[in-house]
>>> print(open('coords10.cif').read())   # mmCIF, C-alpha atoms
data_entry
loop_
_atom_site.label_atom_id
_atom_site.label_comp_id
_atom_site.auth_asym_id
_atom_site.auth_seq_id
_atom_site.Cartn_x
_atom_site.Cartn_y
_atom_site.Cartn_z
CA MET A 1 -1.30 20.34 -16.60
CA LYS A 2 2.20 20.96 -15.35
CA PHE A 3 3.67 17.47 -15.16
CA ASN A 4 7.12 17.22 -13.63
CA LYS A 5 9.76 17.22 -16.35
CA ASP A 6 12.68 16.33 -14.10
CA GLY A 7 14.25 12.99 -15.05
CA ASP A 8 15.57 12.41 -11.55
CA TRP A 9 12.11 12.93 -10.07
CA LEU A 10 10.69 10.42 -12.51
CA ALA A 11 13.41 7.87 -11.78
CA LYS A 12 12.90 8.20 -8.05
CA ARG A 13 9.12 7.85 -8.33
CA ALA A 14 9.47 4.88 -10.66
CA GLU A 15 11.75 3.23 -8.13
CA GLN A 16 9.16 3.78 -5.39
CA GLU A 17 6.31 2.54 -7.53
CA ASP A 18 8.19 -0.63 -8.48
CA ARG A 19 8.49 -1.61 -4.83
CA HIS A 20 4.73 -1.73 -4.35
CA PHE A 21 1.32 -2.40 -5.74
CA ILE A 22 -0.72 0.77 -6.16
CA SER A 23 -4.25 -0.59 -6.35
CA VAL A 24 -7.04 1.32 -4.65
CA GLY A 25 -10.23 -0.12 -3.29
CA GLY A 26 -12.96 2.26 -4.52
CA LEU A 27 -14.32 0.75 -7.71
CA ILE A 28 -12.90 -2.70 -7.07
CA SER A 29 -14.85 -3.08 -3.86
CA ARG A 30 -18.08 -2.25 -5.67
CA ILE A 31 -17.92 -4.31 -8.81
CA ASP A 32 -17.28 -7.76 -7.42
CA PRO A 33 -19.88 -8.63 -4.79
CA GLU A 34 -17.93 -11.68 -3.69
CA TRP A 35 -14.65 -9.91 -3.23
CA GLN A 36 -13.46 -9.38 0.29
CA ALA A 37 -10.52 -7.26 1.25
CA ASP A 38 -8.28 -9.59 3.22
CA VAL A 39 -7.21 -6.96 5.66
CA SER A 40 -6.20 -9.51 8.26
CA SER A 41 -3.21 -10.57 6.18
CA VAL A 42 -1.61 -7.15 6.48
CA PRO A 43 0.79 -6.51 9.37
CA ASN A 44 -0.28 -2.90 9.56
CA VAL A 45 -3.91 -3.59 10.43
CA GLU A 46 -3.88 -3.04 14.16
CA ALA A 47 -2.08 0.26 13.93
CA THR A 48 -3.01 1.23 17.43
CA LYS A 49 -1.81 -2.06 18.89
CA THR A 50 1.54 -1.79 17.12
CA ALA A 51 1.84 1.78 18.34
CA PHE A 52 1.09 0.62 21.87
CA VAL A 53 3.84 -1.99 21.79
CA ARG A 54 6.34 0.45 20.28
CA LEU A 55 5.38 3.07 22.82
CA LEU A 56 6.17 0.65 25.62
CA GLN A 57 9.38 -0.52 24.06
CA LEU A 58 10.71 2.96 23.41
CA ALA A 59 9.65 4.26 26.80
CA ARG A 60 11.35 1.29 28.45
CA ARG A 61 14.56 1.67 26.44
CA GLU A 62 14.70 5.43 27.00
CA ARG A 63 14.76 4.73 30.70
CA ARG A 64 17.26 1.89 30.16
CA LEU A 65 14.94 -0.65 31.77
CA SER A 66 14.87 -4.33 30.97
CA LEU A 67 11.47 -6.02 30.83
CA GLU A 68 12.22 -7.53 34.21
CA GLN A 69 13.08 -4.18 35.73
CA LEU A 70 9.96 -2.61 34.24
CA ALA A 71 7.82 -5.44 35.58
CA GLN A 72 9.21 -4.84 39.05
CA LYS A 73 8.90 -1.08 38.81
CA VAL A 74 5.22 -1.07 37.86
CA ASP A 75 4.38 -4.21 39.79
CA VAL A 76 2.97 -6.28 36.96
CA ASP A 77 3.56 -9.85 35.89
CA LEU A 78 6.76 -10.20 33.82
CA GLY A 79 5.15 -12.90 31.72
CA GLU A 80 2.39 -10.50 30.74
CA LEU A 81 4.87 -7.80 29.71
CA VAL A 82 6.76 -10.32 27.61
CA LYS A 83 3.53 -11.38 25.90
CA ILE A 84 2.56 -7.76 25.19
CA GLU A 85 5.79 -7.15 23.32
CA ALA A 86 5.95 -10.53 21.61
CA ASP A 87 2.37 -11.40 20.74
CA GLU A 88 0.36 -8.93 18.65
CA SER A 89 -2.92 -10.64 19.47
CA PHE A 90 -2.38 -10.71 23.24
CA LYS A 91 -4.72 -8.49 25.29
CA PRO A 92 -3.26 -7.30 28.58
CA THR A 93 -5.38 -6.98 31.73
CA PRO A 94 -6.92 -3.62 32.62
CA ARG A 95 -4.86 -3.51 35.81
CA THR A 96 -1.63 -3.81 33.82
CA ILE A 97 -2.77 -1.03 31.52
CA HIS A 98 -3.50 1.21 34.47
CA ARG A 99 -0.09 0.55 36.03
CA LEU A 100 1.64 1.22 32.70
CA ALA A 101 -0.40 4.39 32.20
CA GLU A 102 0.77 5.67 35.57
CA PHE A 103 4.34 4.83 34.73
CA LEU A 104 4.16 6.49 31.32
CA LYS A 105 2.12 9.40 32.68
CA LEU A 106 -0.53 8.88 30.04
CA PRO A 107 -4.35 8.75 30.19
CA ALA A 108 -5.32 5.17 31.07
CA LYS A 109 -8.38 5.22 28.86
CA LYS A 110 -6.28 6.14 25.83
CA LEU A 111 -3.92 3.28 26.55
CA MET A 112 -6.86 0.90 26.89
CA VAL A 113 -7.94 1.84 23.38
CA LEU A 114 -4.44 1.34 22.01
CA ALA A 115 -4.08 -2.04 23.68
CA GLY A 116 -7.35 -3.18 22.17
CA LEU A 117 -9.33 -3.33 25.39
CA LEU A 118 -11.67 -0.53 24.37
CA GLN A 119 -13.25 0.04 20.98
CA VAL A 120 -13.40 3.69 20.02
CA LYS A 121 -13.71 5.04 16.49
CA ASP A 122 -11.08 7.72 16.65
CA PHE A 123 -9.58 8.58 13.28
CA GLY A 124 -7.16 11.03 14.79
CA LEU A 125 -5.82 8.42 17.16
CA GLN A 126 -5.49 5.86 14.39
CA GLN A 127 -3.71 8.37 12.23
CA ALA A 128 -1.25 9.36 14.94
CA SER A 129 -0.70 5.70 15.83
CA VAL A 130 0.06 4.62 12.27
CA ARG A 131 2.51 7.50 11.88
CA PHE A 132 4.22 6.70 15.15
CA ALA A 133 4.43 2.97 14.38
CA ALA A 134 5.90 3.72 10.96
CA ARG A 135 8.53 6.04 12.39
CA SER A 136 9.67 3.77 15.22
CA GLU A 137 11.45 0.52 14.62
CA PRO A 138 12.42 -2.11 17.21
CA VAL A 139 16.21 -1.68 17.29
CA GLU A 140 18.57 -1.49 20.21
CA ASP A 141 19.32 2.22 20.71
CA VAL A 142 16.66 4.88 20.65
CA SER A 143 17.62 7.13 17.75
CA PRO A 144 16.99 10.89 17.81
CA GLU A 145 14.24 10.34 15.24
CA GLU A 146 12.59 7.75 17.44
CA HIS A 147 12.93 9.99 20.41
CA ALA A 148 11.24 12.82 18.54
CA ALA A 149 8.49 10.49 17.33
CA LEU A 150 7.94 9.24 20.85
CA GLU A 151 7.74 12.74 22.27
CA GLU A 152 5.29 13.83 19.64
CA TYR A 153 3.07 10.78 20.16
CA VAL A 154 3.09 11.13 23.94
CA LYS A 155 2.22 14.80 23.63
CA PHE A 156 -0.66 13.94 21.32
CA LEU A 157 -2.02 11.27 23.68
CA ASN A 158 -1.90 13.66 26.59
CA GLU A 159 -3.57 16.49 24.74
CA GLN A 160 -6.96 14.92 24.06
CA MET B 1 -7.13 17.13 -22.51
CA ARG B 2 -4.26 15.33 -24.19
CA GLU B 3 -0.66 15.85 -23.21
CA THR B 4 2.71 14.34 -23.90
CA ILE B 5 4.62 13.23 -20.83
CA GLN B 6 7.50 10.86 -20.15
CA ILE B 7 7.41 7.38 -18.72
CA ILE B 8 10.41 5.09 -18.47
CA ASN B 9 11.31 2.23 -20.77
CA ALA B 10 12.11 -0.49 -18.24
CA LYS B 11 14.61 -2.24 -20.49
CA THR B 12 16.73 0.77 -21.41
CA SER B 13 15.90 2.95 -18.35
CA ALA B 14 15.46 5.81 -20.80
CA PRO B 15 12.50 8.19 -20.65
CA VAL B 16 10.08 7.81 -23.55
CA ASP B 17 7.15 9.90 -24.69
CA ALA B 18 3.66 8.80 -23.79
CA GLU B 19 0.24 10.40 -23.98
CA ILE B 20 -2.04 11.11 -21.07
CA PHE B 21 -5.62 11.98 -21.97
CA ASP B 22 -9.05 12.29 -20.45
CA GLU B 23 -11.17 11.47 -23.46
CA VAL B 24 -11.41 7.85 -22.52
CA ALA B 25 -13.87 5.81 -24.55
CA LEU B 26 -15.66 2.62 -23.78
CA THR B 27 -13.42 0.80 -26.21
CA HIS B 28 -10.48 1.60 -23.95
CA PHE B 29 -12.11 -0.31 -21.13
CA ILE B 30 -13.00 -3.23 -23.27
CA GLU B 31 -9.39 -3.32 -24.42
CA THR B 32 -8.07 -3.39 -20.88
CA GLN B 33 -10.33 -6.24 -19.91
CA ALA B 34 -9.47 -8.37 -22.88
CA GLU B 35 -5.73 -7.85 -22.66
CA TRP B 36 -4.94 -7.18 -19.05
CA ARG B 37 -7.11 -9.59 -17.12
CA PRO B 38 -5.56 -12.85 -18.35
CA VAL B 39 -2.07 -11.59 -17.52
CA ILE B 40 -3.12 -10.39 -14.08
CA LEU B 41 -4.82 -13.67 -13.28
CA ALA B 42 -1.80 -15.66 -14.39
CA ALA B 43 0.49 -13.52 -12.28
CA ALA B 44 -1.85 -13.73 -9.29
CA ARG B 45 -1.77 -17.49 -9.52
CA ALA B 46 2.02 -17.44 -9.62
CA LEU B 47 2.15 -14.99 -6.74
CA SER B 48 -0.28 -16.84 -4.54
CA GLN B 49 2.27 -19.57 -4.23
CA GLN B 50 4.47 -17.11 -2.37
CA PRO B 51 3.45 -15.89 1.08
CA ASN B 52 2.47 -12.38 2.06
CA GLN B 53 2.38 -10.74 -1.31
CA GLY B 54 -0.32 -8.26 -0.44
CA LEU B 55 -1.87 -8.49 -3.88
CA LEU B 56 -5.60 -8.59 -3.87
CA ILE B 57 -7.39 -9.10 -7.11
CA PRO B 58 -11.08 -9.39 -7.59
CA ARG B 59 -11.81 -12.78 -9.01
CA HIS B 60 -14.31 -11.48 -11.48
CA PHE B 61 -14.46 -8.17 -13.14
CA HIS B 62 -18.14 -7.74 -13.81
CA TRP B 63 -17.97 -4.54 -15.71
CA ASP B 64 -21.42 -3.12 -16.22
CA TRP B 65 -20.83 -1.58 -19.62
CA THR B 66 -24.04 0.44 -19.83
CA ARG B 67 -23.24 2.05 -16.52
CA LYS B 68 -19.67 2.77 -17.52
CA GLU B 69 -20.95 4.53 -20.60
CA ALA B 70 -23.33 6.66 -18.56
CA GLU B 71 -20.56 7.49 -16.10
CA LEU B 72 -18.28 8.64 -18.88
CA LYS B 73 -20.71 11.51 -19.43
CA LEU B 74 -20.88 12.72 -15.81
CA LEU B 75 -19.11 15.98 -14.94
CA ALA B 76 -18.24 14.63 -11.52
CA VAL B 77 -16.35 11.68 -12.97
CA LYS B 78 -13.17 11.71 -15.00
CA PHE B 79 -11.34 8.85 -16.62
CA TYR B 80 -7.68 9.16 -17.58
CA GLY B 81 -5.81 6.97 -19.99
CA LEU B 82 -2.09 6.74 -20.53
CA ALA B 83 -0.93 5.33 -23.84
CA HIS B 84 2.39 4.66 -25.53
CA GLU B 85 2.34 4.60 -29.31
CA GLY B 86 -1.41 4.18 -29.22
CA LYS B 87 -1.42 1.26 -26.78
CA LEU B 88 -3.04 1.75 -23.40
CA GLN B 89 -0.58 1.42 -20.50
CA GLY B 90 -2.63 2.67 -17.59
CA ILE B 91 -6.10 3.83 -16.66
CA MET B 92 -7.57 5.84 -13.80
CA LYS B 93 -11.00 6.94 -12.63
CA VAL B 94 -11.42 9.95 -10.34
CA GLU B 95 -14.46 11.57 -8.76
CA THR B 96 -14.87 15.08 -7.43
CA VAL B 97 -18.23 15.10 -5.69
CA ALA B 98 -19.00 11.85 -3.91
CA HIS B 99 -16.21 12.18 -1.33
CA SER B 100 -14.74 14.98 0.74
CA CYS B 101 -11.90 15.45 3.17
CA ARG B 102 -11.90 13.53 6.45
CA LEU B 103 -8.78 14.90 8.08
CA PRO B 104 -9.97 17.16 10.92
CA GLU B 105 -7.97 20.13 9.65
CA GLN B 106 -9.76 20.06 6.29
CA GLN B 107 -12.94 18.23 7.12
CA GLY B 108 -15.66 18.56 4.51
CA LYS B 109 -13.54 20.34 1.93
CA PRO B 110 -13.69 18.94 -1.60
CA LEU B 111 -11.01 16.63 -2.92
CA VAL B 112 -10.25 14.51 -5.95
CA TYR B 113 -10.99 10.89 -5.09
CA ILE B 114 -9.13 8.15 -6.92
CA ASP B 115 -11.74 5.47 -7.40
CA TYR B 116 -9.62 3.25 -9.62
CA VAL B 117 -6.07 3.24 -10.89
CA GLU B 118 -4.30 0.46 -12.68
CA SER B 119 -1.12 0.11 -14.64
CA ALA B 120 -1.15 -2.59 -17.32
CA PRO B 121 0.14 -5.82 -15.78
CA TRP B 122 3.24 -5.88 -17.96
CA ASN B 123 4.28 -2.63 -16.28
CA ILE B 124 3.99 -3.94 -12.73
CA LYS B 125 7.41 -5.15 -11.60
CA LYS B 126 6.14 -7.58 -8.98
CA LEU B 127 3.71 -9.22 -11.37
CA MET B 128 6.25 -9.60 -14.14
CA ALA B 129 8.82 -10.96 -11.71
CA ALA B 130 6.31 -13.64 -10.65
CA LEU B 131 5.83 -14.59 -14.29
CA GLY B 132 9.52 -14.41 -15.11
CA GLN B 133 8.84 -11.80 -17.75
CA PRO B 134 10.41 -8.38 -18.31
CA GLN B 135 8.71 -5.20 -17.16
CA ARG B 136 7.86 -2.90 -20.05
CA PHE B 137 7.31 0.60 -18.70
CA ARG B 138 7.85 2.28 -15.35
CA ALA B 139 6.24 5.27 -13.62
CA VAL B 140 2.87 4.77 -15.33
CA GLY B 141 0.96 4.73 -12.04
CA THR B 142 3.02 7.69 -10.91
CA ARG B 143 1.96 9.79 -13.89
CA LEU B 144 -1.69 8.94 -13.33
CA PHE B 145 -1.42 9.78 -9.64
CA GLU B 146 0.35 13.01 -10.57
CA ALA B 147 -2.51 13.86 -12.94
CA ALA B 148 -5.01 13.42 -10.12
CA VAL B 149 -3.04 15.79 -7.89
CA LEU B 150 -2.71 18.34 -10.70
CA GLN B 151 -6.42 18.11 -11.41
CA SER B 152 -7.10 18.80 -7.76
CA GLN B 153 -4.96 21.92 -7.97
CA GLU B 154 -6.60 23.05 -11.20
CA GLU B 155 -10.08 22.54 -9.76
CA GLY B 156 -9.25 24.81 -6.87
CA PHE B 157 -9.10 21.92 -4.40
CA ARG B 158 -5.44 22.85 -3.79
CA GLY B 159 -4.11 19.33 -4.29
CA ARG B 160 -6.42 17.67 -1.79
CA LEU B 161 -6.70 14.02 -2.71
CA GLY B 162 -8.33 10.97 -1.18
CA LEU B 163 -8.42 7.24 -1.77
CA HIS B 164 -9.10 3.91 -0.12
CA SER B 165 -5.85 2.03 -0.26
CA LEU B 166 -5.91 -1.72 -0.71
CA PRO B 167 -3.86 -3.46 2.01
CA GLY B 168 -0.96 -4.22 -0.33
CA SER B 169 -0.68 -0.58 -1.39
CA GLU B 170 -0.69 1.13 1.98
CA GLY B 171 3.08 1.38 2.11
CA PHE B 172 3.11 3.10 -1.28
CA TYR B 173 0.58 5.78 -0.45
CA ILE B 174 1.77 6.48 3.09
CA ASN B 175 5.53 6.14 2.86
CA GLU B 176 6.31 6.91 -0.77
CA CYS B 177 3.61 9.40 -1.70
CA GLY B 178 3.42 10.91 1.77
CA MET B 179 -0.33 10.71 2.27
CA THR B 180 -1.85 10.76 5.74
CA PRO B 181 -3.43 7.48 6.80
CA VAL B 182 -6.62 8.76 8.36
CA GLY B 183 -8.29 5.56 9.46
CA ARG B 184 -9.95 2.36 8.39
CA ASP B 185 -13.35 2.86 6.79
CA PRO B 186 -15.95 0.47 8.20
CA HIS B 187 -18.18 1.25 5.20
CA LYS B 188 -15.49 0.10 2.83
CA GLN B 189 -14.38 -3.24 4.29
CA ASN B 190 -12.01 -1.48 6.67
CA LEU B 191 -9.83 -0.26 3.85
CA LEU B 192 -7.47 2.51 4.84
CA TRP B 193 -8.57 6.03 3.89
CA CYS B 194 -5.52 8.07 2.82
CA GLU B 195 -5.57 11.78 2.23
CA PHE B 196 -3.37 14.61 0.96
CA THR B 197 -3.27 18.07 2.48
CA PRO B 198 -2.31 20.91 0.11
CA GLU B 199 1.19 20.92 1.61
CA GLN B 200 1.66 17.19 1.16
CA ALA B 201 0.48 17.46 -2.44
CA GLU B 202 3.02 20.19 -3.11
CA ARG B 203 5.77 18.14 -1.57
CA TYR B 204 4.83 15.15 -3.69
CA LEU B 205 4.89 17.18 -6.89
CA ALA B 206 8.20 18.78 -5.95
CA GLY B 207 9.77 15.41 -5.19
CA GLU B 208 10.21 15.49 -1.44
CA MET C 1 -8.12 22.10 -20.28
CA ASN C 2 -11.42 22.52 -22.08
CA PRO C 3 -12.22 25.95 -23.56
CA LYS C 4 -14.57 27.90 -21.32
CA ARG C 5 -17.45 30.28 -21.91
CA THR C 6 -18.52 33.09 -19.62
CA MET C 7 -21.92 33.42 -18.04
CA THR C 8 -23.40 36.13 -15.84
CA LEU C 9 -25.22 34.93 -12.77
CA ASN C 10 -27.98 36.98 -11.16
CA LEU C 11 -28.40 36.03 -7.52
CA THR C 12 -30.44 37.45 -4.68
CA ASP C 13 -28.67 38.84 -1.62
CA GLN C 14 -29.51 35.70 0.27
CA GLU C 15 -28.23 33.42 -2.47
CA MET C 16 -25.04 35.46 -2.76
CA SER C 17 -24.58 35.28 0.97
CA VAL C 18 -24.91 31.48 0.92
CA LEU C 19 -22.47 31.30 -1.97
CA ASP C 20 -19.96 33.43 -0.07
CA GLN C 21 -20.32 31.40 3.08
CA LEU C 22 -19.96 28.04 1.35
CA SER C 23 -16.94 29.29 -0.60
CA VAL C 24 -15.16 30.14 2.59
CA GLN C 25 -16.21 26.92 4.28
CA LYS C 26 -15.06 24.76 1.40
CA ASP C 27 -11.98 26.85 0.59
CA LEU C 28 -13.22 27.21 -2.97
CA SER C 29 -13.68 30.08 -5.36
CA LYS C 30 -17.31 30.90 -6.09
CA THR C 31 -16.90 29.58 -9.61
CA ALA C 32 -15.47 26.29 -8.38
CA LEU C 33 -18.29 25.98 -5.90
CA ILE C 34 -20.98 26.50 -8.52
CA ARG C 35 -19.18 23.96 -10.66
CA GLN C 36 -19.29 21.44 -7.80
CA ALA C 37 -22.98 22.13 -7.31
CA LEU C 38 -23.65 21.49 -10.99
CA ARG C 39 -21.73 18.22 -10.89
CA LEU C 40 -23.60 17.07 -7.85
CA TYR C 41 -26.93 17.99 -9.43
CA GLN C 42 -26.14 16.06 -12.58
CA LEU C 43 -24.89 13.03 -10.67
CA VAL C 44 -27.93 12.85 -8.43
CA ASP C 45 -30.27 13.43 -11.36
CA ALA C 46 -28.62 10.65 -13.38
CA ARG C 47 -29.11 8.12 -10.63
CA ILE C 48 -32.66 9.12 -9.83
CA THR C 49 -33.52 8.95 -13.51
CA ARG C 50 -32.16 5.40 -13.49
CA GLY C 51 -34.70 4.59 -10.80
CA GLU C 52 -32.50 4.84 -7.71
CA LYS C 53 -33.51 6.71 -4.58
CA LEU C 54 -31.56 9.19 -2.47
CA PHE C 55 -31.78 8.99 1.30
CA PHE C 56 -30.44 10.77 4.31
CA GLU C 57 -29.72 8.67 7.37
CA ASP C 58 -29.66 10.25 10.82
CA GLN C 59 -27.56 9.32 13.83
CA ASP C 60 -30.09 6.70 14.90
CA LYS C 61 -29.91 5.06 11.48
CA GLN C 62 -33.38 6.33 10.57
CA LYS C 63 -33.73 6.80 6.83
CA ALA C 64 -35.59 9.72 5.32
CA GLU C 65 -36.04 9.90 1.58
CA LEU C 66 -34.83 13.04 -0.08
CA MET C 67 -37.48 14.19 -2.55
CA VAL C 68 -35.62 15.83 -5.34
CA LEU C 69 -35.61 17.06 -8.81
#
>>> encode(input="coords10.cif", output="structure tokens")
Amino acid sequence: MKFNKDGDWLAKRAEQEDRHFISVGGLISRIDPEWQADVSSVPNVEATKTAFVRLLQLARRERRLSLEQLAQKVDVDLGELVKIEADESFKPTPRTIHRLAEFLKLPAKKLMVLAGLLQVKDFGLQQASVRFAARSEPVEDVSPEEHAALEEYVKFLNEQ
Amino acid sequence: MRETIQIINAKTSAPVDAEIFDEVALTHFIETQAEWRPVILAAARALSQQPNQGLLIPRHFHWDWTRKEAELKLLAVKFYGLAHEGKLQGIMKVETVAHSCRLPEQQGKPLVYIDYVESAPWNIKKLMAALGQPQRFRAVGTRLFEAAVLQSQEEGFRGRLGLHSLPGSEGFYINECGMTPVGRDPHKQNLLWCEFTPEQAERYLAGE
Amino acid sequence: MNPKRTMTLNLTDQEMSVLDQLSVQKDLSKTALIRQALRLYQLVDARITRGEKLFFEDQDKQKAELMVL
């Protein structure tokens, strides 16, 4: 087997490994019948919901809109918009989703799934959502990377 | 298979020789249970006092030894050990038949599935930090992971790899290794299925 | 890796055709595919010998036992 002999590669990988745990769930989930994966404790669980919030935030900031301005523009309750961005467990109303979908020019049904109003087992959507959420961070200015991530995600949502 | 590779001495930061091999015997497992478990449990206790550590440890490790012995003989299963000066530092179990690719672009194609991978607790920085003890070796998990990718290439699977990440490890596999998070598996307690395409595997091996 | 020995395989046209088709589908060489088949056979056989059963489950969650080996 051709293992990498480069010392720099090894140092970099060691650095990465030290920042994390690397356990996998295959065997572990089979050998202890009482063991439960506590997935709820992980911030990344609702990948689609996080992606939904980021999508809104980026789209709003790209257009230089405050929450208040966005609320007025799409004619939805400001309080609801605030809750969407601030509270991960909050489920917006279908009407709000439809208005936002129109504003974002995205399929309403897709947005319903992202917001947690519809349950659909879509691995591709989950995958794209996790990637997008990982590449977009809530900071003030939309960076070129975020812009690219947003464009890619929007394109993906529109394609299906 | 038995090869000499380098891991890193955590104290000196210098690379040291270690052995990676696939002739893993039952005694290796027994050794890991006797030595590793108490340290892991102690560290878990220490860690559980701190919030959000993302470490999930099964409370009991009911190894079924007769089954392990039978599995050691299966062609579809491979166990890897990594040892330094004869002492086991890491262990991994991979399978080549029970799982296949789930990413749409390579759906159904064979992959190497990492069923189990563990570095000895004294090599895990976060665990040792919780116990206030020094880390011994670094990059042990990396070498085992690398072996799985290389096996996939040697098998003709072109580097395709799959695993169910535990919640605390998702960041490692997605961000550091560059695997694609495909989705949560309802048949596996909603653990995240992560997968390598041939290109991602190449990038990992090359260091990108 | 382990030292290997060579074997000649005599297959019918139909068998060869299936082998070709699966190779392409799985992006595997014919040798690798046969190797996978052997592994799968051994794994299934080991479990059935232990007394376990192998089932297929259809979309409606109906189980049908696979009679094998």
>>> resolve_selection(input="coords10.cif", expression="the PyMOL selection byres ((chain C) within 9 of (chain B))", output="list in words")
Met1, Asn2, Gln25, Lys26, Asp27, Leu28, Ser29, Ala32, Gln36, Ala37, Leu38, Arg39, Leu40, Gln42, Leu43 and Ala46 of chain C
>>> atom_distance(input="coords10.cif", atom1="CA of Arg136 in chain B", atom2="CA of Lys11 in chain B")
6.8 Å
>>> resolve_selection(input="coords10.cif", expression="the PyMOL selection byres ((chain B) within 7 of (chain A))", output="JSON, numbers by chain")
{"B": [58, 60, 61, 62, 63, 115, 116, 117, 118, 124, 125, 138, 139, 142, 150, 163, 164, 165, 166, 167, 168, 169, 172, 176, 181, 182, 183, 189, 207]}
>>> atom_distance(input="coords10.cif", atom1="CA of Gln14 in chain C", atom2="CA of Tyr41 in chain C")
20.4 Å
>>> atom_distance(input="coords10.cif", atom1="CA of Ile30 in chain B", atom2="CA of His99 in chain B")
27.0 Å
>>> residues_around(input="coords10.cif", residues="Thr93 in chain A", least_positions_apart="3", cutoff="9 Å", atoms="only C-alpha atoms", output="PyMOL selection string")
chain A and resi 80+96-98+117
>>> write_last_selection(input="coords10.cif", atoms="C-alpha atoms", output="PDB file, in the frame of the given file")
ATOM      1  CA  GLU A  80       2.390 -10.500  30.740  1.00  0.00           C
ATOM      2  CA  THR A  96      -1.630  -3.810  33.820  1.00  0.00           C
ATOM      3  CA  ILE A  97      -2.770  -1.030  31.520  1.00  0.00           C
ATOM      4  CA  HIS A  98      -3.500   1.210  34.470  1.00  0.00           C
ATOM      5  CA  LEU A 117      -9.330  -3.330  25.390  1.00  0.00           C
TER       6      LEU A 117
END
